[in-house]
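**Student:** File work_18.cif below, mmCIF, C-alpha atoms:
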```cif
data_run
#
loop_
_atom_site.label_atom_id
_atom_site.label_comp_id
_atom_site.auth_asym_id
_atom_site.auth_seq_id
_atom_site.Cartn_x
_atom_site.Cartn_y
_atom_site.Cartn_z
CA MET E 298 174.28 75.72 -117.80
CA LYS E 299 175.76 74.61 -114.48
CA LYS E 300 177.44 71.23 -114.29
CA SER E 301 175.02 70.11 -111.56
CA SER E 302 171.94 70.90 -113.65
CA LEU E 303 173.46 69.04 -116.60
CA ALA E 304 173.95 65.99 -114.40
CA SER E 305 170.49 66.39 -112.95
CA GLY E 306 169.01 66.59 -116.45
CA LEU E 307 170.90 63.47 -117.45
CA ALA E 308 169.56 61.67 -114.37
CA SER E 309 165.99 62.77 -115.13
CA ARG E 310 166.24 61.66 -118.74
CA ALA E 311 167.66 58.26 -117.81
CA ALA E 312 165.02 57.85 -115.09
CA SER E 313 162.27 58.70 -117.54
CA ILE E 314 163.50 56.18 -120.13
CA ALA E 315 163.99 53.50 -117.50
CA SER E 316 160.53 54.15 -116.03
CA ASN E 317 158.94 53.86 -119.46
CA PHE E 318 160.77 50.60 -120.04
CA MET E 319 159.65 49.31 -116.63
CA ASP E 320 156.05 50.30 -117.43
CA GLU E 321 156.17 48.25 -120.63
CA ALA E 322 157.61 45.26 -118.82
CA GLU E 323 155.42 45.46 -115.74
CA PRO E 324 152.53 47.91 -115.51
CA ALA E 325 152.81 49.73 -112.22
CA PRO E 326 149.91 50.58 -109.98
CA VAL E 327 148.80 54.11 -110.67
CA ARG E 328 148.86 56.49 -107.75
CA ASP E 329 145.55 57.79 -106.55
CA ASP E 330 146.61 61.33 -107.25
CA ALA E 331 147.85 60.51 -110.74
CA ALA E 332 144.76 61.52 -112.68
CA PRO E 333 144.08 65.23 -112.75
CA LYS E 334 140.97 65.93 -110.76
CA ALA E 335 138.39 68.29 -112.20
CA ILE E 336 137.29 71.08 -109.88
CA PRO E 337 133.69 70.24 -108.97
CA ALA E 338 130.89 72.74 -109.27
CA ALA E 339 129.24 73.73 -105.98
CA ALA E 340 126.29 71.34 -106.31
CA GLU E 341 128.55 68.46 -107.32
CA SER E 342 130.85 69.33 -104.46
CA GLU E 343 128.02 69.14 -101.90
CA GLU E 344 126.86 65.84 -103.38
CA ALA E 345 130.41 64.50 -103.22
CA ALA E 346 130.74 65.74 -99.65
CA ARG E 347 127.58 63.88 -98.66
CA ARG E 348 128.95 60.71 -100.20
CA THR E 349 132.37 60.95 -98.58
CA GLY E 350 131.43 62.61 -95.32
CA GLY E 351 133.71 65.62 -95.90
CA ARG E 352 132.76 69.26 -96.08
CA PRO E 353 132.12 70.87 -99.46
CA LYS E 354 134.82 73.27 -100.54
CA GLY E 355 134.34 76.75 -99.21
CA LYS E 356 131.78 75.63 -96.64
CA ARG E 357 134.03 74.60 -93.79
CA ALA E 358 132.56 75.71 -90.47
CA VAL E 359 135.18 78.07 -89.09
CA ALA E 360 134.86 78.70 -85.36
CA ALA E 361 138.24 80.37 -84.88
CA ARG E 362 141.23 81.56 -86.83
CA GLN E 363 144.62 80.87 -85.33
CA THR E 364 148.05 81.87 -86.56
CA VAL E 365 150.61 79.09 -86.18
CA TYR E 366 154.25 80.10 -85.81
CA LEU E 367 156.47 77.37 -87.23
CA ASP E 368 160.22 77.05 -86.96
CA GLU E 369 162.13 76.42 -90.17
CA ALA E 370 162.55 72.67 -89.67
CA ARG E 371 158.86 72.01 -89.01
CA HIS E 372 157.76 74.24 -91.87
CA ALA E 373 160.20 72.57 -94.27
CA ALA E 374 159.05 69.11 -93.15
CA LEU E 375 155.39 70.03 -93.59
CA ALA E 376 156.05 71.58 -97.01
CA ARG E 377 157.87 68.45 -98.19
CA LEU E 378 155.14 66.18 -96.85
CA ALA E 379 152.41 68.28 -98.47
CA ASP E 380 154.27 68.31 -101.79
CA ASP E 381 154.85 64.56 -101.70
CA ARG E 382 151.28 63.64 -100.76
CA GLY E 383 149.54 66.27 -102.86
CA ARG E 384 147.90 67.82 -99.81
CA SER E 385 147.89 71.24 -98.22
CA ILE E 386 149.85 72.18 -95.11
CA HIS E 387 146.51 73.23 -93.61
CA SER E 388 145.11 69.73 -94.09
CA LEU E 389 148.20 68.17 -92.50
CA ILE E 390 147.93 70.47 -89.47
CA LEU E 391 144.27 69.48 -89.03
CA GLU E 392 145.25 65.80 -89.21
CA GLY E 393 147.91 66.43 -86.56
CA ILE E 394 145.35 68.08 -84.27
CA ASP E 395 142.96 65.18 -84.77
CA ARG E 396 145.68 62.79 -83.67
CA VAL E 397 146.60 64.85 -80.61
CA ILE E 398 142.99 65.09 -79.42
CA ASP E 399 142.45 61.43 -80.36
CA LYS E 400 139.43 62.25 -82.47
CA PRO E 401 137.32 59.13 -82.95
CA ALA E 402 136.55 58.20 -86.52
CA ALA E 403 132.81 57.81 -85.83
CA THR E 404 130.47 60.74 -86.38
CA GLY E 405 129.27 62.56 -83.31
CA TRP E 406 132.72 62.62 -81.73
CA GLN E 407 132.23 66.17 -80.45
CA MET P 212 160.03 35.50 -110.41
CA ALA P 213 161.80 38.80 -111.09
CA ALA P 214 164.44 39.93 -108.62
CA THR P 215 163.72 42.51 -105.96
CA ILE P 216 165.86 45.51 -106.80
CA ILE P 217 167.43 47.54 -104.01
CA GLY P 218 169.14 50.78 -105.04
CA LEU P 219 171.75 52.54 -102.93
CA ALA P 220 171.86 56.18 -103.89
CA GLN P 221 173.12 59.43 -102.43
CA THR P 222 174.32 62.44 -104.37
CA LYS P 223 177.10 62.96 -101.85
CA GLY P 224 179.99 60.55 -101.90
CA GLY P 225 181.65 58.93 -98.91
CA VAL P 226 178.46 58.28 -96.96
CA GLY P 227 178.69 54.48 -96.95
CA LYS P 228 176.75 53.35 -100.02
CA THR P 229 179.24 50.65 -100.99
CA THR P 230 179.80 49.55 -97.38
CA THR P 231 176.06 49.26 -96.83
CA ALA P 232 175.56 47.38 -100.10
CA LEU P 233 178.30 44.83 -99.40
CA ASN P 234 177.27 44.11 -95.81
CA LEU P 235 173.53 44.09 -96.50
CA ALA P 236 174.16 41.62 -99.32
CA ALA P 237 176.18 39.40 -96.95
CA GLU P 238 173.35 39.44 -94.41
CA LEU P 239 170.76 38.48 -97.05
CA VAL P 240 172.97 35.59 -98.18
CA ARG P 241 173.22 34.43 -94.55
CA ARG P 242 169.41 34.29 -94.57
CA GLY P 243 169.45 31.94 -97.51
CA ARG P 244 168.70 34.43 -100.27
CA THR P 245 170.56 34.69 -103.55
CA VAL P 246 172.05 38.12 -104.09
CA ALA P 247 174.02 40.02 -106.72
CA ILE P 248 175.55 43.46 -106.51
CA LEU P 249 175.70 45.57 -109.65
CA ASP P 250 178.34 48.26 -109.33
CA ALA P 251 177.04 51.24 -111.31
CA ASP P 252 179.68 53.56 -109.88
CA PRO P 253 182.53 54.30 -112.33
CA ALA P 254 184.85 54.44 -109.30
CA GLY P 255 184.24 50.68 -109.03
CA HIS P 256 184.85 50.37 -105.28
CA ALA P 257 182.49 47.43 -104.79
CA ALA P 258 183.91 45.54 -107.75
CA SER P 259 187.49 46.08 -106.57
CA ILE P 260 186.68 44.82 -103.05
CA ALA P 261 185.17 41.70 -104.63
CA GLU P 262 188.33 40.98 -106.62
CA ASP P 263 189.79 38.98 -103.72
CA GLY P 264 186.95 36.50 -104.13
CA ARG P 265 186.08 36.30 -100.43
CA LEU P 266 182.52 37.58 -100.72
CA SER P 267 179.59 35.17 -100.70
CA TYR P 268 177.90 36.78 -103.72
CA SER P 269 178.84 38.20 -107.09
CA VAL P 270 179.73 41.83 -107.75
CA THR P 271 179.55 42.92 -111.38
CA PRO P 272 180.40 46.31 -112.87
CA HIS P 273 177.26 47.70 -114.52
CA LEU P 274 177.96 51.18 -115.80
CA LEU P 275 175.65 53.56 -117.62
CA GLU P 276 177.36 56.66 -118.90
CA THR P 277 174.85 58.05 -121.37
CA ALA P 278 171.12 58.62 -121.28
CA ASP P 279 170.60 57.28 -124.81
CA GLU P 280 167.42 55.26 -125.03
CA ALA P 281 169.17 52.15 -126.32
CA ASP P 282 171.83 52.25 -123.59
CA VAL P 283 169.31 52.81 -120.79
CA SER P 284 166.98 50.08 -122.08
CA ALA P 285 169.85 47.59 -122.30
CA TRP P 286 170.99 48.55 -118.79
CA VAL P 287 167.48 48.07 -117.37
CA ARG P 288 167.00 44.79 -119.25
CA ALA P 289 170.23 43.42 -117.77
CA VAL P 290 169.15 44.40 -114.24
CA ARG P 291 165.72 42.84 -114.61
CA GLY P 292 167.14 39.71 -116.16
CA ARG P 293 169.21 38.76 -113.13
CA PRO P 294 168.21 35.37 -111.69
CA GLU P 295 168.94 36.21 -108.01
CA ASP P 296 166.33 36.96 -105.35
CA PHE P 297 167.84 40.38 -104.69
CA VAL P 298 169.82 42.72 -106.90
CA LEU P 299 171.58 45.59 -105.12
CA ILE P 300 172.67 48.48 -107.32
CA ASP P 301 175.48 50.63 -105.98
CA ALA P 302 174.81 53.96 -107.71
CA PRO P 303 177.43 56.65 -108.29
CA GLY P 304 177.81 59.37 -105.68
CA ALA P 305 176.58 62.05 -108.05
CA MET P 306 173.62 62.77 -110.32
CA GLY P 307 173.88 61.27 -113.77
CA ALA P 308 172.41 58.60 -116.02
CA ALA P 309 173.20 55.66 -113.71
CA PHE P 310 171.80 57.52 -110.73
CA GLY P 311 168.54 58.25 -112.60
CA ALA P 312 168.20 54.71 -113.94
CA THR P 313 168.84 53.22 -110.49
CA ILE P 314 166.07 55.20 -108.80
CA ALA P 315 163.72 54.34 -111.68
CA VAL P 316 164.18 50.55 -111.57
CA ALA P 317 164.51 50.03 -107.81
CA HIS P 318 161.72 48.71 -105.61
CA ILE P 319 163.33 50.47 -102.68
CA VAL P 320 166.16 53.01 -102.55
CA LEU P 321 168.37 53.11 -99.48
CA VAL P 322 169.78 56.57 -98.89
CA PRO P 323 172.78 56.34 -96.55
CA SER P 324 173.60 59.56 -94.74
CA GLY P 325 175.96 60.61 -92.01
CA ALA P 326 175.18 63.26 -89.45
CA THR P 327 176.96 66.16 -91.09
CA VAL P 328 175.19 69.06 -92.77
CA LEU P 329 176.65 68.10 -96.16
CA ASP P 330 175.51 64.48 -95.81
CA VAL P 331 171.98 65.51 -94.85
CA ARG P 332 171.88 68.01 -97.71
CA GLY P 333 172.87 65.24 -100.12
CA ALA P 334 170.19 62.96 -98.66
CA ALA P 335 167.58 65.70 -99.09
CA GLU P 336 168.65 66.21 -102.71
CA THR P 337 168.45 62.46 -103.33
CA VAL P 338 165.00 62.16 -101.74
CA ALA P 339 163.79 65.11 -103.82
CA ALA P 340 165.07 63.47 -107.02
CA ILE P 341 163.30 60.20 -106.18
CA ARG P 342 160.05 61.98 -105.37
CA LYS P 343 160.30 63.95 -108.61
CA ASN P 344 160.76 60.73 -110.57
CA ARG P 345 157.84 59.08 -108.79
CA ARG P 346 155.60 61.99 -109.67
CA ALA P 347 156.77 62.10 -113.28
CA ALA P 348 156.31 58.35 -113.72
CA LYS P 349 153.04 58.33 -111.74
CA ARG P 350 154.30 55.43 -109.63
CA ASP P 351 154.35 54.66 -105.93
CA ARG P 352 157.78 53.17 -106.05
CA PRO P 353 160.58 53.23 -105.25
CA ASP P 354 160.06 53.19 -101.54
CA ILE P 355 162.68 55.24 -99.70
CA LEU P 356 164.57 54.22 -96.58
CA ILE P 357 167.06 56.63 -95.04
CA VAL P 358 170.01 54.77 -93.51
CA PRO P 359 171.96 56.63 -90.79
CA SER P 360 175.49 55.59 -91.69
CA ARG P 361 178.97 55.97 -90.16
CA ILE P 362 177.40 57.29 -86.98
CA ASP P 363 179.65 58.24 -84.08
CA ARG P 364 177.47 58.25 -80.98
CA ARG P 365 180.13 60.06 -78.97
CA THR P 366 179.18 63.26 -80.78
CA GLY P 367 176.03 65.33 -80.33
CA ALA P 368 175.32 65.19 -84.05
CA GLY P 369 175.68 61.40 -83.96
CA ARG P 370 173.24 61.03 -81.09
CA ASP P 371 170.71 63.34 -82.78
CA VAL P 372 171.06 61.86 -86.26
CA VAL P 373 167.76 59.95 -86.33
CA THR P 374 165.84 63.08 -85.37
CA THR P 375 167.79 65.09 -87.93
CA LEU P 376 167.13 62.59 -90.71
CA ALA P 377 163.47 62.17 -89.72
CA ALA P 378 162.99 65.76 -90.93
CA LEU P 379 163.30 64.35 -94.46
CA THR P 380 159.85 62.81 -93.77
CA GLU P 381 160.83 59.36 -94.96
CA PRO P 382 161.30 56.21 -92.85
CA VAL P 383 164.64 56.03 -91.07
CA ALA P 384 166.35 52.65 -90.62
CA PRO P 385 168.31 51.54 -87.53
CA ALA P 386 171.67 53.33 -87.51
CA ILE P 387 174.97 51.82 -88.66
CA SER P 388 177.73 52.91 -86.28
CA TYR P 389 181.18 54.07 -87.29
CA ARG P 390 183.59 51.27 -86.31
CA ALA P 391 187.10 50.46 -87.45
CA VAL P 392 186.09 46.84 -88.06
CA VAL P 393 183.79 47.89 -90.91
CA ALA P 394 186.59 49.59 -92.83
CA ASP P 395 189.11 46.90 -91.88
CA SER P 396 186.96 44.05 -93.16
CA LEU P 397 186.39 45.75 -96.51
CA ALA P 398 190.11 46.40 -96.81
CA VAL P 399 190.66 42.64 -96.90
CA GLY P 400 187.71 42.01 -99.19
CA GLU P 401 185.25 40.69 -96.63
CA SER P 402 182.01 41.75 -94.98
CA VAL P 403 181.98 42.45 -91.23
CA PRO P 404 182.50 39.49 -88.81
CA VAL P 405 179.17 37.74 -88.24
CA ASP P 406 179.39 37.70 -84.45
CA GLY P 407 180.21 41.39 -83.98
CA PRO P 408 178.02 44.40 -83.17
CA SER P 409 178.33 45.75 -86.72
CA ALA P 410 176.86 42.54 -88.14
CA ALA P 411 173.96 42.90 -85.72
CA GLU P 412 173.37 46.42 -87.02
CA PHE P 413 173.37 45.25 -90.63
CA ALA P 414 170.97 42.45 -89.61
CA SER P 415 168.62 45.10 -88.17
CA LEU P 416 168.94 47.03 -91.42
CA ALA P 417 168.05 43.88 -93.37
CA ASP P 418 164.99 43.44 -91.14
CA ALA P 419 163.94 47.02 -91.88
CA VAL P 420 164.45 46.61 -95.63
CA LEU P 421 162.51 43.34 -95.78
CA THR P 422 159.72 44.85 -93.70
CA ARG P 423 159.47 47.83 -96.05
CA LEU P 424 159.38 45.42 -98.99
CA GLY P 425 156.62 43.40 -97.32
CA ASP P 426 158.95 40.40 -97.30
CA GLN P 427 158.68 38.70 -93.91
CA GLU P 428 160.81 35.69 -94.90
#
```
Once you've parsed the file, please lay out its structure as structure tokens.
**Tutor:**
Amino acid sequence: MKKSSLASGLASRAASIASNFMDEAEPAPVRDDAAPKAIPAAAESEEAARRTGGRPKGKRAVAARQTVYLDEARHAALARLADDRGRSIHSLILEGIDRVIDKPAATGWQ
Amino acid sequence: MAATIIGLAQTKGGVGKTTTALNLAAELVRRGRTVAILDADPAGHAASIAEDGRLSYSVTPHLLETADEADVSAWVRAVRGRPEDFVLIDAPGAMGAAFGATIAVAHIVLVPSGATVLDVRGAAETVAAIRKNRRAAKRDRPDILIVPSRIDRRTGAGRDVVTTLAALTEPVAPAISYRAVVADSLAVGESVPVDGPSAAEFASLADAVLTRLGDQE
């Protein structure tokens, strides 16, 4: 095993023990994405979409398909952000477009 | 009330962790807060600078060399038991038990980084380790603040450093410039002179840290 992975393993183990100790001493707020989410069936998905205002999975209205060419820095930044926030790069790009076009939050913005 | 814990971590050495810790601590003391620095780096730079007794806060060696449960628990208990308002932990400049424990107990981790490729690579590795720990522990904290450190604005890399570090997709603090006075003051066991431009930069850093912590004084 490489020296760096040994050190990294040591750091992870110490972090894990320390985190457990901190949890005992002071329960931390649980992240929204902590609990594994079950994949909803289609009907449940549509019901959930109605409640939240989003589109059900697989039923996004697609008007156009566009290939986006990203340089390495932007792609790496998006990948890190997606990994950290538990989202897809696609979703982040849509959010970016919404910001650029100043999409109002209210329905009927189109 | 338990102390607010500020970790200083970077897997690359020589980026200004100890310098940032010592001067940030001095600024917090100037604002009327009680502060302690725990030196978790076996090199003991912070503790040796404090030996002259000219600093306005205590610096205590606080090493952790194994990841045994008993050792880590005792280390964490000692950190959490400090009576000061702020505890700054100066982590070693390499992965290891003290590095892992620091990022696990801290409310916010400051990641100092220069403008060089190696510094930025170390910062990216550090940020990845913190994110990994957050995911494993299912916690929101520690918050991360990248601190551009030892920045020479006469160079292109120095002028572009905020943009470069922003690619790590974490908040970037106001930059700390490379000045001889910073190294000179530490050489005589003191923080930077309060009326100089470096002190103003560390004051801006303190503002950023307190804002991230939701502490508006």
**Student:** Please check which residues have atoms at most 12 Å from (166.1, 41.8, -114.2) in the file's coordinates, counting all atoms listed in the file, and write them as number ranges by chain.
**Tutor:** E: 318-319, 322-323; P: 212-217, 247, 249, 284-300, 316-318
**Student:** Give as a PyMOL selection string every residue of chain P that touches chain E within 8 Å, counting all atoms listed in the file.
**Tutor:** chain P and resi 277-280+283-284+287+305-316+342+344+346-351+378-380
**Student:** Might you pull out every residue within 6 Å of stretch 331-338 of chain P, with all atoms listed in the file counted and same-chain residues fewer than 5 positions away left off, and present them as an NGL selection string?
**Tutor:** :P and (221-223)
**Student:** Can you report as AutoDock Vina command-line options the centre and edge lengths in Å, to one decimal, of an axis-aligned box around the listed atoms of stretch 316-320 of chain E padded with 5 Å on each side?
**Tutor:**
```
--center_x 158.4 --center_y 51.7 --center_z -118.0 --size_x 14.7 --size_y 14.8 --size_z 14.0
```
**Student:** Can you turn the PyMOL selection byres ((chain P and resi 265-274) around 9) into a concrete residue list for this file, as a VMD selection string?
**Tutor:** chain P and resid 233 236 to 237 240 to 241 245 to 253 255 257 to 264 275 to 276 286 289 to 290 300 309 399 to 402
**Student:** Rounded to one decimal in Å, what is the spacing between atom CA of E:Thr364 and atom CA of E:Ile390?
**Tutor:**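 Taking atom CA of E:Thr364 and atom CA of E:Ile390, their separation equals 11.8 Å.
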**Student:** Do you have the atom CA of P:Ala339-atom CA of P:Leu235 distance handy?
**Tutor:**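 So the two atoms, atom CA of P:Ala339 and atom CA of P:Leu235, lie 24.3 Å apart.
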**Student:** Starting from the incomplete input, reconstruct N, CA, C and O atoms of stretch 303-317 of chain P and write that as a JSON list (two decimals), keeping the file's coordinate frame.
**Tutor:**
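To be explicit, this is the file written out as rebuild-v8.json:
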```json
[["chain", "number", "residue", "atom", "x", "y", "z"],
["P", 303, "PRO", "N", 176.34, 55.68, -108.48],
["P", 303, "PRO", "CA", 177.43, 56.65, -108.29],
["P", 303, "PRO", "C", 177.05, 57.72, -107.27],
["P", 303, "PRO", "O", 175.86, 58.00, -107.07],
["P", 304, "GLY", "N", 178.06, 58.33, -106.67],
["P", 304, "GLY", "CA", 177.81, 59.37, -105.68],
["P", 304, "GLY", "C", 177.60, 60.74, -106.31],
["P", 304, "GLY", "O", 178.10, 61.73, -105.79],
["P", 305, "ALA", "N", 176.90, 60.78, -107.40],
["P", 305, "ALA", "CA", 176.58, 62.05, -108.05],
["P", 305, "ALA", "C", 175.44, 61.80, -109.02],
["P", 305, "ALA", "O", 175.24, 60.67, -109.48],
["P", 306, "MET", "N", 174.70, 62.87, -109.33],
["P", 306, "MET", "CA", 173.62, 62.77, -110.32],
["P", 306, "MET", "C", 174.22, 62.37, -111.67],
["P", 306, "MET", "O", 175.35, 62.70, -111.97],
["P", 307, "GLY", "N", 173.43, 61.68, -112.45],
["P", 307, "GLY", "CA", 173.88, 61.27, -113.77],
["P", 307, "GLY", "C", 172.97, 60.17, -114.26],
["P", 307, "GLY", "O", 171.97, 59.84, -113.60],
["P", 308, "ALA", "N", 173.29, 59.59, -115.42],
["P", 308, "ALA", "CA", 172.41, 58.60, -116.02],
["P", 308, "ALA", "C", 172.22, 57.38, -115.11],
["P", 308, "ALA", "O", 171.10, 56.90, -114.92],
["P", 309, "ALA", "N", 173.31, 56.86, -114.55],
["P", 309, "ALA", "CA", 173.20, 55.66, -113.71],
["P", 309, "ALA", "C", 172.40, 55.94, -112.45],
["P", 309, "ALA", "O", 171.63, 55.09, -111.99],
["P", 310, "PHE", "N", 172.57, 57.12, -111.91],
["P", 310, "PHE", "CA", 171.80, 57.52, -110.73],
["P", 310, "PHE", "C", 170.30, 57.51, -111.07],
["P", 310, "PHE", "O", 169.47, 56.93, -110.36],
["P", 311, "GLY", "N", 169.94, 58.17, -112.19],
["P", 311, "GLY", "CA", 168.54, 58.25, -112.60],
["P", 311, "GLY", "C", 167.95, 56.88, -112.89],
["P", 311, "GLY", "O", 166.83, 56.57, -112.48],
["P", 312, "ALA", "N", 168.71, 56.04, -113.59],
["P", 312, "ALA", "CA", 168.20, 54.71, -113.94],
["P", 312, "ALA", "C", 168.02, 53.86, -112.69],
["P", 312, "ALA", "O", 167.07, 53.09, -112.58],
["P", 313, "THR", "N", 168.93, 54.01, -111.73],
["P", 313, "THR", "CA", 168.84, 53.22, -110.49],
["P", 313, "THR", "C", 167.56, 53.55, -109.74],
["P", 313, "THR", "O", 166.83, 52.65, -109.31],
["P", 314, "ILE", "N", 167.27, 54.85, -109.58],
["P", 314, "ILE", "CA", 166.07, 55.20, -108.80],
["P", 314, "ILE", "C", 164.79, 54.85, -109.57],
["P", 314, "ILE", "O", 163.74, 54.71, -108.99],
["P", 315, "ALA", "N", 164.91, 54.69, -110.90],
["P", 315, "ALA", "CA", 163.72, 54.34, -111.68],
["P", 315, "ALA", "C", 163.41, 52.84, -111.61],
["P", 315, "ALA", "O", 162.25, 52.45, -111.65],
["P", 316, "VAL", "N", 164.44, 52.00, -111.53],
["P", 316, "VAL", "CA", 164.18, 50.55, -111.57],
["P", 316, "VAL", "C", 164.03, 49.93, -110.18],
["P", 316, "VAL", "O", 163.49, 48.83, -110.06],
["P", 317, "ALA", "N", 164.47, 50.64, -109.15],
["P", 317, "ALA", "CA", 164.51, 50.03, -107.81],
["P", 317, "ALA", "C", 163.12, 49.90, -107.20],
["P", 317, "ALA", "O", 162.24, 50.74, -107.42]]
```
